[in-house]
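**Student:** Enclosed is the structure file entry25.tsv (TSV, C-alpha atoms).
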chain	number	residue	atom	x	y	z
A	843	MET	CA	-14.18	51.94	-43.41
A	844	LYS	CA	-11.62	49.96	-41.48
A	845	ARG	CA	-12.37	49.57	-37.81
A	846	GLU	CA	-8.96	51.11	-36.92
A	847	MET	CA	-9.89	54.26	-38.82
A	848	LEU	CA	-13.16	54.57	-36.90
A	849	ASN	CA	-11.24	54.19	-33.65
A	850	LEU	CA	-8.75	56.88	-34.70
A	851	ILE	CA	-11.62	59.34	-35.19
A	852	ALA	CA	-13.18	58.31	-31.87
A	853	SER	CA	-9.97	58.83	-29.94
A	854	ALA	CA	-9.21	62.19	-31.58
A	855	ARG	CA	-12.73	63.35	-30.72
A	856	ALA	CA	-12.32	62.13	-27.13
A	857	ARG	CA	-9.11	64.21	-26.90
A	858	LYS	CA	-10.99	67.16	-28.48
A	859	GLN	CA	-8.43	67.24	-31.27
A	860	ALA	CA	-9.49	68.31	-34.76
A	861	CYS	CA	-9.01	65.61	-37.40
A	862	ALA	CA	-10.18	64.58	-40.87
A	863	MET	CA	-10.99	61.42	-42.78
A	864	VAL	CA	-10.29	61.51	-46.51
A	865	THR	CA	-12.17	58.93	-48.60
A	866	ASP	CA	-11.74	57.76	-52.18
A	867	MET	CA	-15.37	56.88	-52.83
A	868	ASP	CA	-14.52	54.60	-55.78
A	869	SER	CA	-12.27	52.24	-53.84
A	870	GLY	CA	-13.35	53.03	-50.28
A	871	ARG	CA	-9.70	53.64	-49.36
A	872	GLN	CA	-9.16	56.21	-46.64
A	873	ALA	CA	-6.56	58.41	-44.98
A	874	PHE	CA	-6.82	59.75	-41.43
A	875	ILE	CA	-5.14	63.07	-40.66
A	876	GLY	CA	-5.07	64.35	-37.07
A	877	GLY	CA	-2.27	66.53	-35.71
A	878	ALA	CA	0.97	64.85	-36.74
A	879	VAL	CA	-0.74	61.49	-37.30
A	880	ARG	CA	-1.30	60.28	-40.87
A	881	GLN	CA	-2.63	56.81	-41.32
A	882	GLY	CA	-4.47	54.70	-43.87
A	883	GLU	CA	-4.29	53.15	-47.32
A	884	LEU	CA	-5.02	56.29	-49.33
A	885	ALA	CA	-1.93	58.19	-50.51
A	886	LEU	CA	-2.25	61.97	-50.68
A	887	GLY	CA	0.00	64.42	-52.54
A	888	GLU	CA	1.33	67.62	-50.99
A	889	GLN	CA	-1.31	69.76	-52.71
A	890	GLN	CA	-4.02	67.48	-51.35
A	891	MET	CA	-2.54	67.53	-47.84
A	892	ASP	CA	-2.56	71.36	-47.97
A	893	GLU	CA	-6.22	71.34	-48.89
A	894	VAL	CA	-7.04	68.87	-46.09
A	895	ARG	CA	-5.19	71.07	-43.54
A	896	ARG	CA	-7.03	74.17	-44.79
A	897	ARG	CA	-10.31	72.31	-44.46
A	898	ILE	CA	-9.46	71.18	-40.91
A	899	ASP	CA	-8.63	74.79	-39.94
A	900	SER	CA	-11.88	76.11	-41.39
A	901	ASP	CA	-14.06	73.15	-40.29
A	902	HIS	CA	-15.12	72.59	-43.88
A	903	SER	CA	-16.14	69.09	-44.99
A	904	GLY	CA	-16.75	68.45	-48.69
A	905	LEU	CA	-15.46	67.18	-52.02
A	906	MET	CA	-11.83	68.08	-52.68
A	907	GLU	CA	-10.77	70.39	-55.48
A	908	PHE	CA	-7.87	68.05	-56.22
A	909	GLY	CA	-8.70	64.40	-56.81
A	910	GLY	CA	-12.39	64.50	-55.94
A	911	PHE	CA	-11.93	62.67	-52.67
A	912	PHE	CA	-14.37	63.39	-49.85
A	913	VAL	CA	-13.05	65.02	-46.69
A	914	ARG	CA	-14.99	64.82	-43.45
A	915	VAL	CA	-13.60	67.22	-40.87
A	916	TYR	CA	-14.24	66.50	-37.21
A	917	SER	CA	-13.80	69.64	-35.10
A	918	PRO	CA	-14.02	69.76	-31.33
A	919	PRO	CA	-17.42	71.11	-30.26
A	920	VAL	CA	-17.98	74.85	-30.30
A	921	ARG	CA	-17.81	76.12	-26.72
A	922	LEU	CA	-20.11	78.39	-24.76
A	923	VAL	CA	-18.99	80.04	-21.54
A	924	ILE	CA	-21.83	81.42	-19.41
A	925	VAL	CA	-20.91	83.77	-16.58
A	926	GLY	CA	-23.57	83.64	-13.88
A	927	ALA	CA	-25.49	80.50	-12.91
A	928	VAL	CA	-28.74	82.44	-12.96
A	929	HIS	CA	-32.20	81.44	-14.22
A	930	ILE	CA	-31.41	82.24	-17.84
A	931	ALA	CA	-28.28	80.09	-17.56
A	932	GLN	CA	-30.39	77.15	-16.42
A	933	ALA	CA	-32.32	77.38	-19.70
A	934	LEU	CA	-29.46	78.47	-21.95
A	935	ALA	CA	-26.99	75.77	-20.87
A	936	PRO	CA	-29.15	72.74	-21.82
A	937	MET	CA	-30.29	74.46	-25.06
A	938	ALA	CA	-26.69	75.03	-26.06
A	939	GLN	CA	-25.87	71.42	-25.21
A	940	LEU	CA	-28.67	70.23	-27.49
A	941	ALA	CA	-27.20	72.39	-30.25
A	942	GLY	CA	-23.88	70.57	-29.76
A	943	PHE	CA	-22.00	73.16	-27.71
A	944	ASP	CA	-19.57	72.27	-24.95
A	945	VAL	CA	-20.92	74.41	-22.08
A	946	THR	CA	-19.13	75.85	-19.05
A	947	VAL	CA	-20.87	77.95	-16.41
A	948	ILE	CA	-18.72	80.20	-14.24
A	949	ASP	CA	-20.02	81.62	-10.96
A	950	PRO	CA	-18.01	82.33	-7.80
A	951	ARG	CA	-21.18	82.10	-5.74
A	952	GLU	CA	-21.17	78.46	-4.75
A	953	ALA	CA	-24.90	78.30	-4.03
A	954	PHE	CA	-25.64	79.52	-7.56
A	955	ALA	CA	-23.11	77.26	-9.24
A	956	ARG	CA	-24.54	74.24	-7.43
A	957	SER	CA	-28.18	75.15	-8.06
A	958	GLY	CA	-30.08	72.61	-10.15
A	959	ASN	CA	-30.52	72.02	-13.86
A	960	LEU	CA	-26.86	72.15	-14.71
A	961	ALA	CA	-26.39	68.38	-14.84
A	962	GLY	CA	-23.71	67.34	-17.30
A	963	ILE	CA	-22.43	70.90	-17.59
A	964	THR	CA	-19.05	72.02	-16.31
A	965	ALA	CA	-19.56	74.47	-13.46
A	966	LEU	CA	-16.52	76.46	-12.35
A	967	ILE	CA	-16.80	78.04	-8.89
A	968	GLU	CA	-14.34	80.80	-9.70
A	969	TRP	CA	-14.17	84.53	-10.20
A	970	PRO	CA	-15.01	85.17	-13.85
A	971	ASP	CA	-11.52	86.34	-14.84
A	972	ASP	CA	-9.91	83.26	-13.23
A	973	GLY	CA	-12.55	81.01	-14.74
A	974	LEU	CA	-12.10	82.47	-18.20
A	975	LYS	CA	-8.34	82.09	-17.88
A	976	GLN	CA	-8.93	78.36	-17.34
A	977	VAL	CA	-11.30	78.10	-20.28
A	978	ALA	CA	-9.04	80.18	-22.59
A	979	PRO	CA	-11.67	81.18	-25.19
A	980	ASP	CA	-10.58	80.64	-28.79
A	981	ALA	CA	-12.18	81.55	-32.12
A	982	ARG	CA	-14.71	78.74	-31.64
A	983	THR	CA	-15.87	79.98	-28.22
A	984	ALA	CA	-18.84	82.19	-27.30
A	985	VAL	CA	-18.92	84.10	-24.00
A	986	VAL	CA	-22.14	85.39	-22.41
A	987	THR	CA	-22.36	87.33	-19.14
A	988	LEU	CA	-25.65	87.05	-17.27
A	989	THR	CA	-24.99	88.17	-13.68
A	990	HIS	CA	-26.13	91.81	-14.06
A	991	ASP	CA	-23.44	92.57	-11.52
A	992	PRO	CA	-20.58	94.74	-12.86
A	993	LYS	CA	-18.08	93.27	-10.44
A	994	LEU	CA	-18.70	89.84	-11.98
A	995	ASP	CA	-19.62	90.76	-15.57
A	996	ASP	CA	-16.94	93.40	-16.22
A	997	PRO	CA	-13.85	91.25	-15.50
A	998	ALA	CA	-15.40	88.52	-17.68
A	999	LEU	CA	-15.97	90.95	-20.54
A	1000	GLU	CA	-12.41	92.26	-20.22
A	1001	SER	CA	-11.05	88.71	-20.57
A	1002	ALA	CA	-13.44	87.95	-23.42
A	1003	LEU	CA	-12.44	91.13	-25.30
A	1004	ARG	CA	-8.78	90.13	-25.02
A	1005	SER	CA	-9.62	86.71	-26.54
A	1006	PRO	CA	-10.58	85.81	-30.13
A	1007	ALA	CA	-14.05	84.62	-28.98
A	1008	PHE	CA	-16.42	84.66	-31.99
A	1009	TYR	CA	-19.32	85.93	-29.89
A	1010	ILE	CA	-19.53	88.08	-26.77
A	1011	GLY	CA	-22.90	88.94	-25.24
A	1012	ALA	CA	-23.88	90.80	-22.08
A	1013	LEU	CA	-27.28	90.79	-20.41
A	1014	GLY	CA	-28.66	94.19	-19.42
A	1015	SER	CA	-30.87	97.02	-20.64
A	1016	LYS	CA	-29.69	99.69	-23.09
A	1017	LYS	CA	-28.99	101.95	-20.11
A	1018	THR	CA	-27.00	99.26	-18.28
A	1019	HIS	CA	-25.09	98.56	-21.48
A	1020	ALA	CA	-24.28	102.25	-22.01
A	1021	SER	CA	-22.76	102.56	-18.54
A	1022	ARG	CA	-20.92	99.28	-19.09
A	1023	LEU	CA	-19.38	100.66	-22.28
A	1024	GLN	CA	-18.28	103.77	-20.35
A	1025	ARG	CA	-16.51	101.62	-17.75
A	1026	LEU	CA	-14.79	99.57	-20.46
A	1027	ASP	CA	-13.80	102.78	-22.26
A	1028	ALA	CA	-12.20	104.02	-19.02
A	1029	LEU	CA	-10.21	100.77	-18.96
A	1030	GLY	CA	-8.78	101.63	-22.37
A	1031	PHE	CA	-10.97	99.52	-24.68
A	1032	SER	CA	-11.73	101.26	-27.99
A	1033	ALA	CA	-15.19	101.61	-29.51
A	1034	ALA	CA	-14.19	98.96	-32.06
A	1035	ASP	CA	-13.27	96.58	-29.22
A	1036	THR	CA	-16.52	97.07	-27.33
A	1037	ALA	CA	-18.57	96.87	-30.54
A	1038	ARG	CA	-17.85	93.13	-30.32
A	1039	ILE	CA	-20.19	92.95	-27.32
A	1040	HIS	CA	-23.81	92.15	-28.16
A	1041	GLY	CA	-25.77	94.23	-25.67
A	1042	PRO	CA	-28.61	94.12	-24.90
A	1043	VAL	CA	-27.94	90.44	-25.56
A	1044	GLY	CA	-29.95	88.28	-27.97
A	1045	LEU	CA	-32.07	88.69	-31.08
A	1046	LYS	CA	-35.10	90.95	-30.71
A	1047	ILE	CA	-37.98	88.49	-30.45
A	1048	ASN	CA	-39.72	90.19	-27.52
A	1049	ALA	CA	-38.53	87.42	-25.22
A	1050	ALA	CA	-40.03	87.71	-21.75
A	1051	THR	CA	-39.25	84.62	-19.66
A	1052	PRO	CA	-35.78	83.25	-18.84
A	1053	ALA	CA	-36.30	80.40	-21.34
A	1054	GLU	CA	-37.39	82.80	-24.08
A	1055	ILE	CA	-34.40	85.05	-23.42
A	1056	ALA	CA	-32.21	81.93	-23.67
A	1057	VAL	CA	-33.75	81.20	-27.10
A	1058	SER	CA	-32.96	84.74	-28.29
A	1059	ILE	CA	-29.36	84.48	-27.04
A	1060	MET	CA	-28.89	81.03	-28.59
A	1061	ALA	CA	-30.30	82.29	-31.91
A	1062	GLN	CA	-27.86	85.22	-31.93
A	1063	ILE	CA	-24.90	82.96	-31.14
A	1064	ILE	CA	-25.84	80.63	-34.00
A	1065	GLU	CA	-26.35	83.57	-36.36
A	1066	LYS	CA	-22.82	84.73	-35.56
A	1067	LEU	CA	-21.36	81.21	-35.76
A	1068	ARG	CA	-22.84	80.55	-39.21
A	1069	GLU	CA	-22.12	84.02	-40.59
A	1070	THR	CA	-20.16	83.74	-43.81
A	1071	PRO	CA	-17.11	85.98	-43.63
B	537	MET	CA	-44.62	45.10	-25.53
B	538	PRO	CA	-47.10	45.99	-28.34
B	539	ALA	CA	-46.08	44.77	-31.79
B	540	ASN	CA	-45.85	48.29	-33.18
B	541	SER	CA	-43.58	49.64	-30.45
B	542	VAL	CA	-39.91	50.34	-30.99
B	543	SER	CA	-37.20	50.07	-28.39
B	544	GLN	CA	-34.38	52.57	-28.59
B	545	SER	CA	-31.25	50.49	-28.52
B	546	SER	CA	-29.16	53.15	-26.86
B	547	PRO	CA	-29.46	56.65	-25.40
B	548	VAL	CA	-26.36	57.70	-27.36
B	549	SER	CA	-27.42	60.29	-29.94
B	550	ASP	CA	-24.10	60.91	-31.69
B	551	PRO	CA	-24.09	58.57	-34.71
B	552	LEU	CA	-20.33	58.11	-34.74
B	553	GLU	CA	-20.23	57.27	-31.04
B	554	GLN	CA	-23.08	54.85	-31.64
B	555	LEU	CA	-21.23	53.24	-34.54
B	556	THR	CA	-18.03	52.94	-32.49
B	557	ALA	CA	-20.02	51.30	-29.67
B	558	TRP	CA	-21.73	48.84	-32.06
B	559	VAL	CA	-18.43	47.87	-33.66
B	560	ALA	CA	-16.71	47.53	-30.28
B	561	ALA	CA	-19.52	45.14	-29.29
B	562	GLY	CA	-18.63	42.99	-32.31
B	563	LYS	CA	-21.69	43.94	-34.34
B	564	GLN	CA	-21.81	44.48	-38.10
B	565	ALA	CA	-22.59	48.05	-39.02
B	566	ALA	CA	-22.21	50.71	-41.69
B	567	LEU	CA	-21.78	54.46	-41.88
B	568	ALA	CA	-23.74	56.72	-44.24
B	569	THR	CA	-22.45	60.24	-44.88
B	570	VAL	CA	-23.88	63.17	-46.84
B	571	VAL	CA	-21.02	64.04	-49.25
B	572	ALA	CA	-22.69	66.64	-51.48
B	573	THR	CA	-25.94	68.59	-51.64
B	574	TRP	CA	-27.62	70.74	-54.29
B	575	GLY	CA	-30.43	73.18	-53.72
B	576	SER	CA	-32.41	72.94	-50.56
B	577	SER	CA	-31.52	69.96	-48.40
B	578	PRO	CA	-32.21	69.46	-44.74
B	579	ARG	CA	-28.88	68.07	-43.54
B	580	PRO	CA	-25.47	69.60	-44.27
B	581	VAL	CA	-22.49	67.89	-45.92
B	582	GLY	CA	-20.80	65.59	-43.43
B	583	SER	CA	-24.01	64.50	-41.68
B	584	HIS	CA	-23.74	60.90	-40.54
B	585	MET	CA	-26.14	58.06	-39.99
B	586	ALA	CA	-24.90	54.84	-38.39
B	587	VAL	CA	-26.75	51.67	-39.42
B	588	LEU	CA	-26.72	48.39	-37.52
B	589	ILE	CA	-27.19	45.04	-39.30
B	590	SER	CA	-30.57	44.71	-37.53
B	591	GLY	CA	-31.78	47.87	-39.30
B	592	ASP	CA	-31.54	50.09	-36.21
B	593	PHE	CA	-29.97	53.43	-36.98
B	594	ALA	CA	-28.71	56.59	-35.29
B	595	GLY	CA	-28.40	60.05	-36.81
B	596	SER	CA	-29.88	61.25	-40.09
B	597	VAL	CA	-28.97	62.21	-43.66
B	598	SER	CA	-32.20	64.06	-44.55
B	599	GLY	CA	-35.36	65.21	-42.87
B	600	GLY	CA	-36.60	61.63	-42.77
B	601	CYS	CA	-37.30	61.43	-46.53
B	602	ILE	CA	-34.60	58.97	-47.59
B	603	GLU	CA	-33.50	57.30	-44.33
B	604	GLY	CA	-35.44	54.12	-45.14
B	605	ALA	CA	-33.75	53.74	-48.52
B	606	VAL	CA	-30.32	54.55	-47.08
B	607	VAL	CA	-30.77	51.88	-44.38
B	608	GLU	CA	-31.57	49.33	-47.14
B	609	ALA	CA	-28.48	50.38	-49.10
B	610	ALA	CA	-26.33	50.25	-45.96
B	611	LEU	CA	-27.47	46.69	-45.21
B	612	GLU	CA	-26.56	45.69	-48.79
B	613	ALA	CA	-23.17	47.37	-48.37
B	614	ILE	CA	-22.58	45.36	-45.18
B	615	LYS	CA	-23.46	42.11	-47.00
B	616	ALA	CA	-21.33	42.98	-50.03
B	617	GLY	CA	-18.44	44.28	-47.93
B	618	GLN	CA	-18.24	47.18	-50.40
B	619	PRO	CA	-18.98	50.90	-50.14
B	620	LYS	CA	-21.46	52.61	-52.46
B	621	LEU	CA	-22.26	56.16	-53.54
B	622	LEU	CA	-26.00	56.90	-53.65
B	623	GLU	CA	-27.89	59.82	-55.06
B	624	TYR	CA	-31.40	61.03	-54.26
B	625	GLY	CA	-33.42	63.95	-55.54
B	626	ILE	CA	-36.17	65.08	-57.82
B	627	SER	CA	-34.14	64.01	-60.83
B	628	ASN	CA	-34.01	60.48	-59.46
B	629	GLU	CA	-36.22	57.98	-61.27
B	630	ALA	CA	-37.34	56.63	-57.92
B	631	ALA	CA	-38.40	60.10	-56.82
B	632	TRP	CA	-41.96	58.95	-56.30
B	633	GLU	CA	-40.79	56.46	-53.73
B	634	VAL	CA	-37.72	58.00	-52.16
B	635	GLY	CA	-37.40	61.57	-53.33
B	636	LEU	CA	-36.75	64.72	-51.37
B	637	ALA	CA	-39.96	66.67	-50.93
B	638	CYS	CA	-37.89	69.86	-50.63
B	639	GLY	CA	-36.76	69.51	-54.24
B	640	GLY	CA	-33.09	69.25	-53.34
B	641	ARG	CA	-30.57	66.61	-54.32
B	642	VAL	CA	-28.09	64.76	-52.09
B	643	GLN	CA	-25.29	62.27	-52.52
B	644	VAL	CA	-24.80	59.81	-49.69
B	645	PHE	CA	-21.79	57.54	-49.32
B	646	VAL	CA	-22.44	54.27	-47.47
B	647	GLU	CA	-19.54	52.18	-46.21
B	648	PRO	CA	-19.49	49.03	-44.11
B	649	VAL	CA	-17.14	48.96	-41.14
B	650	LEU	CA	-14.73	46.14	-41.90
Translate the structure described by the file into structure tokens.

**Tutor:**
Amino acid sequence: MKREMLNLIASARARKQACAMVTDMDSGRQAFIGGAVRQGELALGEQQMDEVRRRIDSDHSGLMEFGGFFVRVYSPPVRLVIVGAVHIAQALAPMAQLAGFDVTVIDPREAFARSGNLAGITALIEWPDDGLKQVAPDARTAVVTLTHDPKLDDPALESALRSPAFYIGALGSKKTHASRLQRLDALGFSAADTARIHGPVGLKINAATPAEIAVSIMAQIIEKLRETP
Amino acid sequence: MPANSVSQSSPVSDPLEQLTAWVAAGKQAALATVVATWGSSPRPVGSHMAVLISGDFAGSVSGGCIEGAVVEAALEAIKAGQPKLLEYGISNEAAWEVGLACGGRVQVFVEPVL
């Protein structure tokens, strides 16, 4: 690999832009594709470029159907937005970081947002709907509400339901979740819309402590992320 | 420092960031990438391991089964200035030394940074 090619990947990753490196493993020649930029010594035909673009869109590294070149796709990290800088958030945020997620915690309550254990994590001291507007969840974003407080959780869930977020989870008992669904129904969300919300949140592993609940939430997010369509 | 201790050269855990840092510091290094897997294998396609000329490495291409052999191959690739495609698995003749205990098979591409 030429040093310039390595630097192209590094700068695309720093800008959180998806890109790909295509390698002819016989000659070692490579082509970098990122946004409108195409660089390198390896020439690609239109059919091959189409396949590379498809692979970038679906975050799918592997050997190409056409030509047998290897494509390594570099996607920006999957994002996790946590609403509520509560105890579970203090366990969930570092776990998600370890798993490679880009984590943002939103809490309008400054004392919560500034409370410890969120080092290296983006904390937004905003109302959840404003915070989520800033984050703009896409299809590679998970949103989890943890405040227990409808006036914080509900606006966040409304924003999340209007986004293509791949995972939406809400902390709360079955009873809490049922009344939450009623409120969202009154706001005009259909049953199909609200079925996107995982509530009670997390896989059933009988989690008891905040850290254990964080494990069950993280496991459910990963299950959803790796689900084959 | 005891003779059997190892010093971590950097807290950076991302192999590509580590490689970029090594190269920026003027060091000779190589990149190993899992390009194909068959059966059960511990690291997915695209997994990277960065290898420094000293033998230090960051990242992984298996569950620790073949890293030693890949480091050797990466050092040879740096010396030769040429990339190489490697294959490991139970069908490999060297399986007794550097096979995958899980019974899977992987192809790893090693390339020096030039």

**Student:** Find the residues around Ala568 (chain B) up to 8 Å (all atoms listed in the file counted), leave out those fewer than 6 positions away in its own chain, and share them as a ChimeraX atom specification.

**Tutor:** /B:584-587,597,606,610,644-647

**Student:** How about saving the chosen residues, C-alpha atoms kept, as a short mmCIF file (atom, residue, chain, number, x, y, z; two decimals), in the coordinates of the input?

**Tutor:**
data_model
loop_
_atom_site.label_atom_id
_atom_site.label_comp_id
_atom_site.auth_asym_id
_atom_site.auth_seq_id
_atom_site.Cartn_x
_atom_site.Cartn_y
_atom_site.Cartn_z
CA HIS B 584 -23.74 60.90 -40.54
CA MET B 585 -26.14 58.06 -39.99
CA ALA B 586 -24.90 54.84 -38.39
CA VAL B 587 -26.75 51.67 -39.42
CA VAL B 597 -28.97 62.21 -43.66
CA VAL B 606 -30.32 54.55 -47.08
CA ALA B 610 -26.33 50.25 -45.96
CA VAL B 644 -24.80 59.81 -49.69
CA PHE B 645 -21.79 57.54 -49.32
CA VAL B 646 -22.44 54.27 -47.47
CA GLU B 647 -19.54 52.18 -46.21
#

**Student:** At a cut-off of 9 Å, using all atoms listed in the file, what residues contact Leu960 (chain A)? Leave out same-chain residues fewer than 6 positions from it and give the result as a PyMOL selection string.

**Tutor:** chain A and resi 927+931-932+935-936+947

**Student:** Would you write out, as a Markdown table, a table of all residues in chain A that have an atom no more than 9 Å from an atom of chain B, listing for each the closest atom pair and the distance in Å to one decimal, considering only C-alpha atoms and ordering rows by chain and rising residue number?

**Tutor:**
| residue | atom | partner | partner_atom | distance |
| --- | --- | --- | --- | --- |
| A:Met843 | CA | B:Val649 | CA | 4.8 |
| A:Lys844 | CA | B:Leu650 | CA | 4.9 |
| A:Arg845 | CA | B:Leu650 | CA | 5.8 |
| A:Leu848 | CA | B:Thr556 | CA | 6.8 |
| A:Asn849 | CA | B:Thr556 | CA | 7.0 |
| A:Ile851 | CA | B:Leu552 | CA | 8.8 |
| A:Ala852 | CA | B:Glu553 | CA | 7.2 |
| A:Met867 | CA | B:Leu621 | CA | 7.0 |
| A:Asp868 | CA | B:Lys620 | CA | 7.9 |
| A:Ser869 | CA | B:Pro619 | CA | 7.8 |
| A:Gly870 | CA | B:Pro619 | CA | 6.0 |
| A:His902 | CA | B:Val581 | CA | 9.0 |
| A:Ser903 | CA | B:Gly582 | CA | 6.0 |
| A:Gly904 | CA | B:Val571 | CA | 6.2 |
| A:Leu905 | CA | B:Val571 | CA | 7.0 |
| A:Phe912 | CA | B:Val571 | CA | 6.7 |
| A:Val913 | CA | B:Gly582 | CA | 8.4 |
| A:Arg914 | CA | B:Gly582 | CA | 5.9 |
| A:Val915 | CA | B:Gly582 | CA | 7.8 |

**Student:** If you measure from CA of Leu588 (chain B) to CA of Ile602 (chain B), what distance in Å do you get, rounded to one decimal?

**Tutor:** 16.6 Å

**Student:** Counting all atoms listed in the file, write as a ChimeraX atom specification all protein and nucleic acid residues lying at most 7 Å from (-14.5, 86.5, -12.1) in the file's frame.

**Tutor:** /A:950,968-973,994,997-998

**Student:** Pick out the closest residue to Leu611 (chain B) from this set: B:Gln564, B:Ser576, B:Gln643, B:Ser598. Count all atoms listed in the file.

**Tutor:** B:Gln564

**Student:** Provide the CA of Arg855 (chain A) to CA of Pro919 (chain A) distance in Å, to one decimal place.

**Tutor:**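 Pair CA of Arg855 (chain A) / CA of Pro919 (chain A) returns 9.1 Å.
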
**Student:** Between CA of Ile948 (chain A) and CA of Pro992 (chain A), what is the distance in Å, rounded to a tenth?

**Tutor:**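 Taking CA of Ile948 (chain A) as the start and CA of Pro992 (chain A) as the end point, the length is 14.7 Å.
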
**Student:** Can you work out which one of A:Gly1011, A:Gly882, A:Gly877, A:Gly910 has the shortest atom-to-atom distance to Ala1037 (chain A), counting all atoms listed in the file?

**Tutor:**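 When distances to Ala1037 (chain A) are compared using all atoms listed in the file, the smallest one comes from A:Gly1011.
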
**Student:** Excluding Gln859 (chain A) and residues on its chain fewer than 5 positions from it, collect all residues at most 8 Å away from it, counting only C-alpha atoms, and give them as a list of chain:residue names.

**Tutor:** A:Ala854, A:Gly876, A:Gly877, A:Ser917, A:Pro918
